[in-house]
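Trainee: The structure's right below; bear with me while I get my questions together.
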Amino acid sequence: MEEQAVQNSTPESVGFMEYLNDVWENGLLGIGITEITVSIVILFAGLILRGVFISRVLKWLEMLSSKTKSEIDDVLLGALRKPLGYVPITVALYLITVYLPLTGVADVIAQNLVKAAIAFTIFSTLSNSVAPIFEAFSTSTLLTASMTTWLERAARLLIWVIGVGVILDIFGIQIGPLVAGLGLFSVAVALGAQDLFKNLISGILIIGENRFQPGDRIEVEGQLHGVVESIGFRSTLIRMFNTAPMLVPNKDLSDVKVINHGEMKFRRINWNINLIYSTTQKELAKICDEITEYIKNSEQFTENPLQESFVKTSELGSSSIDVRVLCFTEPINLTDFSNVKQSLIFEIIRIVRANGSEFAYPSTSVYVEDNETGDKKDYEFQQAETVDENTELDPDSGT
């Protein structure tokens with residue numbers, strides 16, 4: 001009986017071990033669990049190596065670049081920090097494809113994945129290296145800030161278009177028919193997106209003409225007044241003085257008169273001071289000379305080579321003698337400019353009153369002349385007759 005029980009249990013136990021061995025050796029798509037486990041370990045090793053590579057190797061390179069005088073290598077290394085981190089993962093994927101016993105379609109797909117990862121790493125590196133390159137151009141007079149931004153975006157787009165094309169070609173996807181289809185699609189899109197292309201062309205014209213740059217204070221009379229933050233492909237972001245952002249389509253800024261306060265060379269003060277008519281010529285001359293002397297000696301004002309500053313008696317107004325003050329300051333901000341104007345006002349008030357004059361204000365003098373030559377009694381008699389006549393004609397009198 002015991003022998004029969006052993007004989008009956010042996011085939012069952014042997015069958016289970018065969019199942020276990022079969023699953024272990026042929027786990028997933030003919031790849032054993034051992035190979036899968038080793039592949040996972042390789043992948044995790046690549047991730048760990050990526051952290052070590054970033055923390056150790058790149059920091060060592062940053063330390064070397066910090067010793068150089070140029071800042072371009074520092075910016076370039078910072079931009080390449082992320083794409084260079086893909087290198088250990090790509091190497092891990094390659095080792096996995098070499099280790100796994102892949103055949104047929106699976107082997108082709110695995111090889112294409114590794115090639116795609118390599119291509120992605122290369123084009124990601126190229127895309128991230130665009131910013132430091134154009135940043136070097138932005139420090140020169142060759143390109144403005146807006147032109148640099150646009151060219152940087154266009155270069156990134158071109159790099160990724162080529163990169164996507166290379167990756168699609170790796171997987172055997174034909175680019176030619178896809179491009180032809182996109183051409184027909186773009187015609188349909190162009191008909192329905194004319195405003196988009198108008199804004200795009202207007203943005204190119206704004207940058208090409210250098211109408212304004214990010215950071216400039218611009219004004220469209222009666223519509224907007226603020227500081228340009230960025231010039232995009234479709235619209236321009238303007239920060240209003242109440243700190244609210246305003247997105248303006250590029251075509252609206254291309255077709256109107258835009259005052260660019262950011263390009264001003266000087267801030268101008270152009271005032272008319274009204275003095276009373278009792279001011280003498282000597283007092284006027286002294287007032288003008290002292291204000292002129294203050295403007296010339298003060299460090300708050302500057303000289304405009306195209307227009308000399310002056311303080312002159314300009315006009316005899318209806319109720320005042322007008323003195324014109326014309327001077328210039330550096331293109332400072334509004335707060336500093338207000339401080340300069342306040343200092344000048346205080347000094348003008350002091351000078352005018354110190355010289356015995358005073359400020360005039362609009363006034364009108366009325367002269368009443370008495371031309372009556374008749375007797376006062378006749379006037380009173382005529383007035384009484386007029387009153388009686390009015391009384392008789394009054395319908396409310398009851399007569």
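Residues in the structure tokens are numbered from 1 in each chain, the chains being A, B, ... in the order shown, and ligands are numbered from 1 in the order shown.
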At a cut-off of 10 Å, using only C-alpha atoms, what residues contact A:Ile259? Leave out same-chain residues fewer than 5 positions from it and give the result as a ChimeraX atom specification.
Mentor: /A:211-212,217-221,225,264
Trainee: Quick one: write out the picked residues with C-alpha atoms as a CSV table (one decimal), in the first residue's frame?
Mentor:
```csv
chain,number,residue,atom,x,y,z
A,211,ARG,CA,10.2,98.6,-32.4
A,212,PHE,CA,10.5,97.6,-28.8
A,217,ARG,CA,7.9,100.9,-21.4
A,218,ILE,CA,5.6,101.4,-24.4
A,219,GLU,CA,2.4,103.4,-24.9
A,220,VAL,CA,-0.4,103.4,-27.4
A,221,GLU,CA,-2.2,106.7,-26.8
A,225,HIS,CA,0.7,102.0,-21.3
A,264,MET,CA,14.2,107.8,-24.7
```
Trainee: Counting only C-alpha atoms, what is within 8 Å of A:Asn199, bar same-chain residues fewer than 2 positions away, as a PyMOL selection string?
Mentor: chain A and resi 195-197+201-203+233-235+249-251
Trainee: Residues near A:Lys265, anyone? I mean within 8 Å using only C-alpha atoms, not counting same-chain ones fewer than 2 positions away, as a compact mmCIF listing (two decimals) with C-alpha atoms, in the first residue's frame.
Mentor:
```txt
# COMPACT_ATOMS: atom_id res chain seq x y z
CA GLU A 263 14.33 104.17 -26.00
CA ARG A 267 13.56 112.93 -19.66
CA GLU A 330 18.76 111.01 -17.40
CA PRO A 331 16.09 108.41 -18.37
```
Trainee: For a test of reading the model, state the distance in Å between atom CA of A:Pro305 and atom CA of A:Asp336, rounded to one decimal.
Mentor: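 Computing the Euclidean distance for atom CA of A:Pro305 and atom CA of A:Asp336 yields 22.3 Å.
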Trainee: Please list as an mmCIF file with C-alpha atoms, in the first residue's frame every residue within 12 Å of A:Asn274, counting only C-alpha atoms and excluding residues in the same chain fewer than 5 positions away.
Mentor:
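The result, stored in selection30.cif:
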```
data_model
loop_
_atom_site.group_PDB
_atom_site.id
_atom_site.type_symbol
_atom_site.label_atom_id
_atom_site.label_comp_id
_atom_site.auth_asym_id
_atom_site.auth_seq_id
_atom_site.Cartn_x
_atom_site.Cartn_y
_atom_site.Cartn_z
ATOM 1 C CA THR A 279 7.847 141.971 -11.202
ATOM 2 C CA LEU A 284 13.003 138.726 -13.846
ATOM 3 C CA LYS A 312 13.896 132.588 -20.293
ATOM 4 C CA THR A 313 11.026 135.059 -20.155
ATOM 5 C CA SER A 314 8.833 133.750 -22.945
ATOM 6 C CA GLU A 315 5.537 135.619 -23.077
ATOM 7 C CA LEU A 316 3.375 138.387 -21.684
ATOM 8 C CA GLY A 317 0.204 136.560 -20.811
ATOM 9 C CA SER A 318 -3.245 137.955 -20.109
ATOM 10 C CA SER A 319 -2.642 137.939 -16.368
ATOM 11 C CA SER A 320 1.042 137.068 -15.888
ATOM 12 C CA ILE A 321 4.590 137.284 -17.161
ATOM 13 C CA ASP A 322 5.478 133.782 -18.328
ATOM 14 C CA VAL A 323 8.937 132.302 -17.736
ATOM 15 C CA ARG A 324 9.764 129.074 -19.573
ATOM 16 C CA VAL A 325 11.947 126.419 -17.908
ATOM 17 C CA ILE A 348 11.947 127.830 -7.985
ATOM 18 C CA ILE A 349 9.539 128.842 -5.197
ATOM 19 C CA VAL A 352 10.984 133.666 -6.894
ATOM 20 C CA SER A 357 8.144 138.421 -6.803
ATOM 21 C CA GLU A 358 5.146 136.117 -6.527
ATOM 22 C CA PHE A 359 3.295 133.610 -8.660
ATOM 23 C CA ALA A 360 0.338 134.869 -10.658
ATOM 24 C CA TYR A 361 -2.983 133.187 -11.215
ATOM 25 C CA PRO A 362 -5.685 133.844 -13.812
#
```
Trainee: Counting only C-alpha atoms, what is within 8 Å of A:Val248, bar same-chain residues fewer than 6 positions away, as a CSV table (one decimal) with N, CA and C atoms, in the first residue's frame?
Mentor:
```csv
chain,number,residue,atom,x,y,z
A,235,SER,N,1.3,86.7,-29.6
A,235,SER,CA,0.9,87.9,-28.9
A,235,SER,C,2.1,88.4,-28.1
A,236,THR,N,2.0,89.6,-27.6
A,236,THR,CA,3.0,90.3,-26.7
A,236,THR,C,2.4,90.5,-25.3
A,237,LEU,N,3.1,90.1,-24.3
A,237,LEU,CA,2.7,90.2,-22.9
A,237,LEU,C,3.2,91.6,-22.4
A,238,ILE,N,2.2,92.4,-22.0
A,238,ILE,CA,2.5,93.7,-21.4
A,238,ILE,C,2.0,93.8,-20.0
```
Trainee: Of the residues A:Phe134, A:Ser298, A:Gln307, A:Ser363, which is the one nearest to A:Ser343, using only C-alpha atoms?
Mentor: A:Ser298
Trainee: Just how far from atom CA of A:Ala244 is atom CA of A:Asn333, in Å to one decimal?
Mentor: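 These two atoms are separated by 19.2 Å.
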Trainee: From a backbone DSSP assignment, name each residue in stretch 290-383 of chain A labelled helix (DSSP H, G or I), as a PyMOL selection string.
Mentor: chain A and resi 290-297+334-354+376-383
Trainee: Near A:Ile162, within 12 Å and counting only C-alpha atoms, which residues show up once chain neighbours fewer than 6 positions away are dropped, as a list in words?
Mentor: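 Everything that qualifies: Ala119, Phe120, Ile122, Phe123, Ser124, Leu126, Ser127, Ala155, Arg156, Leu168, Asp169 and Ile175 of chain A.
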Trainee: Would you work out the distance separating atom CA of A:Ala110 from atom CA of A:Ser129, expressed in Å to one decimal?
Mentor: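 Atom CA of A:Ser129 lies 28.8 Å from atom CA of A:Ala110.
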